[in-house]
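So this block is input.cif, mmCIF, C-alpha atoms:
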data_coords
loop_
_atom_site.label_atom_id
_atom_site.label_comp_id
_atom_site.auth_asym_id
_atom_site.auth_seq_id
_atom_site.Cartn_x
_atom_site.Cartn_y
_atom_site.Cartn_z
CA MET A 1 67.01 176.20 125.75
CA PRO A 2 65.51 178.88 123.47
CA VAL A 3 66.15 180.06 119.96
CA VAL A 4 64.71 183.58 119.85
CA ILE A 5 63.65 185.64 116.84
CA GLU A 6 63.11 189.23 117.97
CA LEU A 7 60.35 190.83 115.91
CA GLY A 8 61.07 194.55 116.28
CA SER A 9 58.69 197.08 114.69
CA ALA A 10 56.48 196.20 111.67
CA PRO A 11 57.88 192.64 111.44
CA GLU A 12 55.11 191.51 109.10
CA HIS A 13 56.86 193.39 106.28
CA ARG A 14 60.07 191.44 106.93
CA ILE A 15 58.59 187.95 106.53
CA SER A 16 57.91 186.12 103.27
CA THR A 17 57.42 182.55 102.06
CA ARG A 18 59.24 181.03 99.13
CA LEU A 19 60.35 177.69 97.72
CA SER A 20 64.03 176.76 97.53
CA PRO A 21 65.19 173.84 95.37
CA LEU A 22 68.67 174.03 96.96
CA ALA A 23 67.23 173.80 100.49
CA GLU A 24 65.07 170.83 99.48
CA LEU A 25 67.96 169.12 97.69
CA CYS A 26 70.05 169.35 100.86
CA ALA A 27 67.14 168.09 102.97
CA CYS A 28 67.01 165.09 100.62
CA LEU A 29 70.74 164.52 100.96
CA HIS A 30 70.48 164.75 104.75
CA ALA A 31 67.77 162.06 104.65
CA LEU A 32 69.95 159.95 102.35
CA ASP A 33 72.73 160.04 104.95
CA GLY A 34 70.38 158.90 107.75
CA PRO A 35 67.29 157.26 106.21
CA ARG A 36 65.98 155.61 109.38
CA HIS A 37 65.75 159.06 110.91
CA HIS A 38 63.54 160.30 108.06
CA PRO A 39 60.63 157.91 107.45
CA ALA A 40 58.88 160.39 105.13
CA SER A 41 61.88 160.17 102.76
CA ARG A 42 62.21 156.38 102.60
CA ARG A 43 60.61 156.05 99.17
CA TRP A 44 63.01 158.53 97.59
CA VAL A 45 66.03 157.21 99.53
CA GLY A 46 65.24 153.64 98.50
CA ALA A 47 65.00 154.60 94.84
CA VAL A 48 68.30 156.50 95.00
CA LEU A 49 70.16 153.68 96.75
CA GLN A 50 68.87 151.23 94.19
CA GLY A 51 69.43 153.26 91.04
CA ALA A 52 72.11 155.91 91.58
CA ASP A 53 75.72 155.58 90.51
CA GLU A 54 77.80 154.17 93.39
CA ARG A 55 80.52 156.76 92.88
CA LEU A 56 77.95 159.53 93.25
CA LEU A 57 76.68 157.96 96.48
CA GLU A 58 80.24 157.75 97.79
CA ARG A 59 80.75 161.44 97.01
CA ALA A 60 77.48 162.24 98.78
CA GLY A 61 78.76 160.53 101.91
CA GLY A 62 81.97 162.54 101.81
CA TRP A 63 80.18 165.89 101.62
CA ALA A 64 77.39 164.90 104.06
CA PRO A 65 78.61 166.87 107.14
CA LEU A 66 77.74 170.09 105.30
CA TRP A 67 74.02 169.23 105.35
CA GLY A 68 74.09 167.39 108.66
CA ALA A 69 72.78 168.48 112.05
CA PHE A 70 74.33 171.95 111.60
CA ARG A 71 73.80 172.74 107.93
CA ALA A 72 76.10 175.19 106.16
CA ARG A 73 74.33 178.54 105.91
CA TYR A 74 74.90 178.85 102.15
CA LEU A 75 72.81 175.71 101.55
CA LEU A 76 69.68 177.74 102.34
CA PRO A 77 68.58 180.92 100.49
CA LEU A 78 71.18 183.66 100.73
CA THR A 79 69.03 186.52 99.46
CA PRO A 80 65.40 187.61 99.91
CA GLY A 81 63.01 188.06 97.03
CA PRO A 82 61.23 185.68 94.66
CA GLU A 83 62.10 182.02 94.13
CA ARG A 84 65.28 181.15 92.24
CA GLU A 85 66.03 178.13 90.10
CA LEU A 86 68.59 175.73 91.52
CA GLU A 87 71.26 177.02 89.12
CA GLU A 88 70.69 180.56 90.36
CA GLU A 89 70.96 179.52 94.00
CA LEU A 90 74.22 177.69 93.29
CA ALA A 91 75.49 180.80 91.48
CA GLU A 92 74.80 182.84 94.63
CA VAL A 93 76.97 180.41 96.60
CA ALA A 94 79.70 180.80 93.97
CA ARG A 95 79.58 184.60 94.40
CA LEU A 96 80.21 184.55 98.16
CA ASP A 97 83.57 186.00 99.08
CA GLU A 98 86.05 183.32 100.07
CA GLU A 99 86.29 184.41 103.71
CA THR A 100 82.52 184.20 104.24
CA PHE A 101 82.26 180.87 102.43
CA ALA A 102 85.08 179.37 104.47
CA THR A 103 83.66 180.63 107.79
CA MET A 104 80.19 179.28 106.99
CA THR A 105 81.81 175.96 106.13
CA GLU A 106 83.83 175.91 109.37
CA GLN A 107 80.68 176.49 111.39
CA ALA A 108 78.94 173.57 109.68
CA LEU A 109 81.88 171.23 110.19
CA VAL A 110 82.40 172.11 113.86
CA GLY A 111 78.70 172.50 114.64
CA LYS A 112 78.97 175.89 116.32
CA ASN A 113 78.32 179.54 115.52
CA GLY A 114 80.28 182.55 116.59
CA HIS A 115 83.52 182.33 114.61
CA GLY A 116 82.70 184.61 111.71
CA PRO A 117 81.87 188.32 111.48
CA GLY A 118 79.14 189.88 113.54
CA PRO A 119 78.01 189.39 117.11
CA GLY A 120 78.78 185.69 117.33
CA HIS A 121 75.35 184.35 118.31
CA GLY A 122 73.67 183.43 115.05
CA LEU A 123 71.10 180.69 114.67
CA GLY A 124 71.94 177.06 114.09
CA SER A 125 70.19 174.40 112.04
CA GLY A 126 67.60 173.34 114.56
CA HIS A 127 68.74 169.70 114.64
CA GLY A 128 71.26 169.72 117.47
CA PRO A 129 74.04 171.62 119.20
CA GLY A 130 77.78 171.39 118.88
CA SER A 131 80.94 172.88 120.22
CA GLY A 132 84.43 173.33 118.96
CA HIS A 133 87.08 175.64 117.65
CA GLY A 134 86.57 177.41 114.35
CA LEU A 135 89.33 179.35 112.69
CA GLY A 136 87.87 182.81 112.97
CA SER A 137 88.31 185.73 110.60
CA GLY A 138 91.88 186.09 109.47
CA ALA A 139 93.21 183.16 111.50
CA ARG A 140 93.09 180.67 108.69
CA HIS A 141 96.67 180.99 107.54
CA GLY A 142 98.69 181.20 110.72
CA GLY A 143 98.94 180.52 114.43
CA ARG A 144 97.48 177.51 116.24
CA ALA A 145 93.86 177.96 115.12
CA PRO A 146 94.07 175.51 112.17
CA GLU A 147 95.56 172.83 114.41
CA ARG A 148 92.78 173.25 117.01
CA PHE A 149 90.18 173.27 114.23
CA LEU A 150 91.46 170.01 112.72
CA ALA A 151 91.89 168.39 116.13
CA ARG A 152 88.25 169.12 116.91
CA LEU A 153 87.10 167.75 113.55
CA ARG A 154 89.10 164.57 114.07
CA GLN A 155 87.32 164.10 117.39
CA LEU A 156 83.95 164.49 115.68
CA SER A 157 84.45 162.21 112.66
CA GLU A 158 86.86 161.23 109.92
CA ARG A 159 84.53 162.71 107.30
CA ARG A 160 84.62 166.12 108.96
CA PHE A 161 88.38 165.91 109.36
CA ALA A 162 88.82 165.10 105.66
CA LEU A 163 86.65 168.06 104.65
CA GLY A 164 88.56 170.32 107.02
CA LEU A 165 91.84 169.35 105.39
CA ARG A 166 90.41 170.09 101.93
CA LEU A 167 89.03 173.45 103.06
CA LEU A 168 92.34 174.57 104.57
CA ALA A 169 94.36 173.43 101.57
CA ASP A 170 92.21 175.03 98.86
CA PRO A 171 89.00 176.90 99.79
CA SER A 172 88.29 177.81 96.16
CA GLY A 173 88.75 174.24 94.97
CA PHE A 174 86.63 173.02 97.88
CA ARG A 175 83.75 175.26 96.76
CA ASP A 176 84.12 174.29 93.11
CA GLY A 177 84.01 170.60 94.04
CA LEU A 178 80.93 171.04 96.22
CA LEU A 179 79.01 172.99 93.57
CA ALA A 180 79.95 170.45 90.90
CA PHE A 181 78.69 167.64 93.11
CA LEU A 182 75.39 169.41 93.88
CA SER A 183 74.79 170.02 90.18
CA ALA A 184 75.56 166.38 89.35
CA VAL A 185 73.42 164.88 92.10
CA ALA A 186 70.53 167.20 91.27
CA GLU A 187 70.59 166.12 87.64
CA GLU A 188 70.75 162.40 88.43
CA VAL A 189 68.41 161.94 91.39
CA PHE A 190 66.64 165.18 92.35
CA GLU A 191 65.07 166.86 89.32
CA SER A 192 62.19 164.39 89.01
CA GLU A 193 61.63 164.47 92.77
CA TRP A 194 61.49 168.27 92.73
CA THR A 195 58.87 168.11 89.98
CA ARG A 196 56.83 165.71 92.14
CA LEU A 197 57.17 167.80 95.30
CA ARG A 198 56.63 171.22 93.84
CA PRO A 199 52.78 171.27 93.75
CA ALA A 200 52.53 170.30 97.43
CA LEU A 201 55.16 172.85 98.43
CA GLU A 202 53.49 175.60 96.40
CA ALA A 203 50.13 174.77 97.99
CA ASP A 204 51.58 175.00 101.49
CA ALA A 205 53.39 178.23 100.63
CA ARG A 206 50.06 179.76 99.55
CA VAL A 207 48.45 178.71 102.84
CA ARG A 208 51.39 180.08 104.83
CA SER A 209 51.28 183.37 102.90
CA HIS A 210 47.55 183.66 103.60
CA GLU A 211 48.16 183.07 107.31
CA HIS A 212 50.91 185.67 107.21
CA SER A 213 48.62 188.25 105.64
CA ARG A 214 45.97 187.50 108.26
CA TYR A 215 48.05 187.07 111.43
CA GLY A 216 51.26 188.94 110.62
CA ALA A 217 54.41 187.87 112.43
CA ALA A 218 52.35 185.48 114.57
CA VAL A 219 52.65 183.05 111.65
CA LEU A 220 56.04 182.12 113.12
CA ALA A 221 54.37 180.89 116.29
CA GLY A 222 52.53 178.24 114.29
CA PHE A 223 55.63 176.11 113.84
CA PRO A 224 56.49 173.14 116.08
CA THR A 225 57.93 174.08 119.50
CA ALA A 226 57.33 177.82 118.84
CA ARG A 227 55.47 180.33 120.98
CA MET A 228 54.87 184.07 120.86
CA GLU A 229 56.02 186.25 123.76
CA PRO A 230 54.88 189.88 123.98
CA ASP A 231 57.47 191.88 125.91
CA PRO A 232 59.55 192.52 123.92
CA PRO A 233 57.75 190.99 120.91
CA ARG A 234 59.52 187.80 119.93
CA VAL A 235 59.01 184.19 118.88
CA VAL A 236 60.73 181.55 121.00
CA PHE A 237 61.56 178.08 119.71
CA ASP A 238 62.39 175.32 122.18
CA LYS A 239 65.68 173.91 120.93
CA LEU A 240 68.83 172.25 122.26
CA TYR A 241 70.94 175.41 122.13
CA ASN A 242 70.66 179.16 122.72
CA ALA A 243 70.61 181.58 119.80
CA ARG A 244 69.10 184.92 118.85
CA ALA A 245 68.38 186.98 115.74
CA SER A 246 66.40 190.13 115.05
CA LEU A 247 64.08 190.95 112.17
CA ALA A 248 65.16 194.56 112.62
CA ASP A 249 68.49 193.47 111.14
CA SER A 250 67.47 190.72 108.71
CA PRO A 251 64.43 189.65 106.69
CA CYS A 252 62.93 186.23 107.40
CA LEU A 253 62.24 183.58 104.73
CA LEU A 254 59.85 180.69 105.40
CA VAL A 255 60.79 177.70 103.23
CA PRO A 256 58.42 174.69 103.06
CA SER A 257 59.98 171.24 102.80
CA LEU A 258 58.75 167.68 102.57
CA HIS A 259 62.08 165.96 103.18
CA ILE A 260 63.19 167.94 106.24
CA ASN A 261 60.54 166.18 108.33
CA PRO A 262 60.81 165.60 111.33
CA HIS A 263 63.14 168.58 111.72
CA LEU A 264 62.63 172.33 111.76
CA ALA A 265 65.72 174.18 110.55
CA ILE A 266 66.43 177.75 111.66
CA LYS A 267 69.55 179.40 110.23
CA HIS A 268 71.02 182.87 110.35
CA TYR A 269 74.35 184.47 109.58
CA PRO A 270 75.01 188.20 110.03
CA GLY A 271 74.10 190.10 106.88
CA TYR A 272 71.89 187.34 105.45
CA PRO A 273 68.20 186.46 105.92
CA VAL A 274 66.92 184.39 108.79
CA VAL A 275 65.63 181.18 107.18
CA VAL A 276 63.07 178.84 108.71
CA GLN A 277 62.77 175.60 106.73
CA TYR A 278 59.72 173.82 108.07
CA PRO A 279 58.18 170.37 107.49
CA VAL A 280 55.15 169.82 105.26
CA ARG A 281 53.32 166.53 105.09
CA ASP A 282 52.48 165.16 101.64
CA GLY A 283 49.70 162.88 102.86
CA ALA A 284 51.62 159.69 102.11
CA GLY A 285 51.07 158.06 105.50
CA ALA A 286 53.30 155.32 106.76
CA GLU A 287 52.08 151.84 107.57
CA PRO A 288 50.49 151.65 111.05
CA THR A 289 52.77 150.31 113.74
CA ALA A 290 51.87 146.96 115.32
CA LEU A 291 51.19 146.83 119.06
CA ASP A 292 54.06 144.42 119.72
CA VAL A 293 56.48 146.87 118.07
CA VAL A 294 55.17 149.68 120.27
CA MET A 295 55.51 147.51 123.37
CA ARG A 296 59.11 146.68 122.44
CA GLY A 297 59.86 150.40 122.36
CA LEU A 298 58.20 151.00 125.73
CA ARG A 299 60.13 148.13 127.32
CA ALA A 300 63.41 149.43 125.91
CA LEU A 301 62.82 152.78 127.60
CA ASP A 302 61.70 151.25 130.90
CA GLU A 303 65.23 151.59 132.29
CA PRO A 304 66.69 154.85 133.69
CA LEU A 305 70.13 154.22 132.22
CA ARG A 306 68.73 153.82 128.72
CA ILE A 307 66.79 157.08 129.12
CA ARG A 308 70.08 158.80 129.98
CA MET A 309 71.71 157.14 126.97
CA CYS A 310 68.91 158.46 124.76
CA ARG A 311 69.51 161.97 126.06
CA ALA A 312 73.22 161.69 125.20
CA LEU A 313 72.51 160.23 121.74
CA LEU A 314 70.00 162.99 121.00
CA ARG A 315 72.79 165.53 121.24
CA GLN A 316 75.43 163.74 119.16
CA SER A 317 76.29 160.38 117.66
CA MET A 318 78.60 158.24 119.82
CA THR A 319 80.38 154.91 119.62
CA THR A 320 79.93 152.07 122.11
CA THR A 321 83.28 152.88 123.69
CA GLU A 322 82.44 156.58 124.05
CA LEU A 323 79.13 155.74 125.71
CA ALA A 324 80.75 153.18 127.99
CA THR A 325 83.30 155.76 129.11
CA GLN A 326 80.67 158.42 129.74
CA PHE A 327 78.48 156.09 131.80
CA GLU A 328 81.38 154.29 133.52
CA MET A 329 80.59 150.86 132.14
CA THR A 330 82.47 148.24 130.13
CA PRO A 331 81.88 148.18 126.36
CA PRO A 332 80.17 144.73 126.54
CA GLN A 333 77.75 146.05 129.18
CA MET A 334 76.98 149.09 127.04
CA SER A 335 76.54 146.90 123.95
CA ARG A 336 73.71 145.01 125.65
CA HIS A 337 71.82 148.23 126.35
CA LEU A 338 72.43 149.51 122.82
CA ARG A 339 71.11 146.24 121.41
CA LYS A 340 67.83 146.74 123.30
CA LEU A 341 67.46 150.25 121.90
CA ARG A 342 68.42 149.15 118.39
CA GLU A 343 65.99 146.22 118.36
CA ALA A 344 63.23 148.59 119.47
CA GLY A 345 64.05 151.01 116.65
CA MET A 346 65.00 153.79 119.06
CA VAL A 347 68.50 154.32 117.63
CA HIS A 348 70.10 154.07 114.22
CA THR A 349 73.73 153.57 113.24
CA HIS A 350 76.23 154.69 110.66
CA ARG A 351 79.80 153.54 110.10
CA GLU A 352 82.82 155.80 109.80
CA GLY A 353 85.79 153.62 108.96
CA ALA A 354 86.02 150.92 111.61
CA ARG A 355 83.83 152.84 114.09
CA VAL A 356 80.06 152.36 114.42
CA HIS A 357 78.24 155.47 115.66
CA TYR A 358 74.82 155.41 117.34
CA GLN A 359 72.27 158.24 117.21
CA LEU A 360 68.81 158.56 118.70
CA ASP A 361 65.97 158.21 116.19
CA GLU A 362 63.97 161.30 117.20
CA ALA A 363 61.02 160.38 114.99
CA ALA A 364 60.70 156.93 116.58
CA VAL A 365 60.69 158.39 120.10
CA ARG A 366 58.33 161.21 119.11
CA ASN A 367 55.87 158.82 117.47
CA LEU A 368 55.86 156.27 120.29
CA GLY A 369 52.81 157.76 122.03
CA VAL A 370 50.95 158.29 118.74
CA ASP A 371 51.76 154.73 117.63
CA LEU A 372 50.54 153.34 120.96
CA LEU A 373 47.22 155.17 120.72
CA SER A 374 46.80 154.09 117.09
CA ALA A 375 47.55 150.46 117.97
CA LEU A 376 45.06 150.54 120.83
CA HIS A 377 42.38 151.90 118.52
CA ARG A 378 42.84 149.02 116.04
#

Could you spell out this file's structure in structure tokens?
Amino acid sequence: MPVVIELGSAPEHRISTRLSPLAELCACLHALDGPRHHPASRRWVGAVLQGADERLLERAGGWAPLWGAFRARYLLPLTPGPERELEEELAEVARLDEETFATMTEQALVGKNGHGPGPGHGLGSGHGPGSGHGLGSGARHGGRAPERFLARLRQLSERRFALGLRLLADPSGFRDGLLAFLSAVAEEVFESEWTRLRPALEADARVRSHEHSRYGAAVLAGFPTARMEPDPPRVVFDKLYNARASLADSPCLLVPSLHINPHLAIKHYPGYPVVVQYPVRDGAGAEPTALDVVMRGLRALDEPLRIRMCRALLRQSMTTTELATQFEMTPPQMSRHLRKLREAGMVHTHREGARVHYQLDEAAVRNLGVDLLSALHR
């Protein structure tokens, strides 16, 4: 399914590259919430888990759906122009009108666009699709929309449901609490990391700007899964959902990131820039994978049912019971298949209350062929 950025006329003047400490902070927090899914972030995640205040980590878990697979739009740059300091980016979030802030939050919690102002087909995060029932403009304080919204969030996770309750009860207090947390977590665990990352990000931004000056809008086609199509001029990204935006309506910001790897995030909301946060490698290679580990992964996938399970777990996290129901099996039968995938490193887990959710480790699956070739070379 495609995500399409229509280029329009003179698109090269609508594209720029800039760093964003807020975008990188939220990429870090996303990695913290699912470290096995982000091998490039393991050093930072390990240091944070070892040294950070436990209460701060607990708060991070509570807010995590906002920088999950469908990141809230305000957690990426809201305005074009030169780079801002983190405090300035947070101040821009604070200046959003309450209706826009709440709608952007609803979209992140539900995992679906189309409930705010505008045409209803904005761009998602690039990590995965979702579906649900947002509140919509003006529906927040009456009718059945809040009940449908909360019912959908409860289906998705207890964390999303808890955030939905807070948002409905006090949108202003919700925003104040989020901004206070982001300031606190940046001061405790991110400022030194940002200092470390900045030279590599600046270097990549210079390269990307040079490519932009040389190739124009075709610079967008250099990202993973992207291709240029000529009629009409557009860049198409292969993603798990359909979405569309036009550079005739919005500028485009390219934001380099080290901690977003292996993802590519594409976000748009009517009236705000299209943002492409793309992965940069810092040269800190991981340890080579042993051949027996690679073979364990291949054997785990040598079963049609487990391939179908992987497809389901790529789209959303699911419990053993949910998977068993979908594939018409008993939970013990499903547990045996999940154990094979888990032992091979193909899935990772997180707990929400008493429920254990499974999600496909995209990086592990993506690297399987590369790891096999590397192991054969050794």

Gap from CA of Pro2 in chain A to CA of Ala218 in chain A - Å, one decimal |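 Atom-to-atom, CA of Pro2 in chain A to CA of Ala218 in chain A, that is 17.2 Å.
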
Which of these, A:Gln277, A:Thr79, A:Thr103, A:Gln50, has the shortest distance to Ala23 in chain A once you count all atoms listed in the file?
-> A:Gln277

Identify, on the basis of only C-alpha atoms, every residue whose closest approach to Arg342 in chain A does not exceed 10 Å; exclude the query and any residue fewer than 2 positions from it along the same chain; express the result as a list in words.
->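 The residues satisfying every condition are Gly297, Ala300, Arg336, His337, Leu338, Arg339, Lys340, Ala344, Gly345, Met346, Val347, His348, Thr349, Tyr358, Gln359, Leu360 and Asp361 of chain A.
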
Pick from A:Glu85, A:Glu54, A:Glu6, A:Asp176: nearest to Trp194 in chain A, with only C-alpha atoms counted?
->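 Nearest to Trp194 in chain A: A:Glu85.
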
CA of Leu109 in chain A to CA of Ile266 in chain A, distance in Å rounded to a single decimal =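 Answer for the CA of Leu109 in chain A to CA of Ile266 in chain A separation: 16.8 Å.
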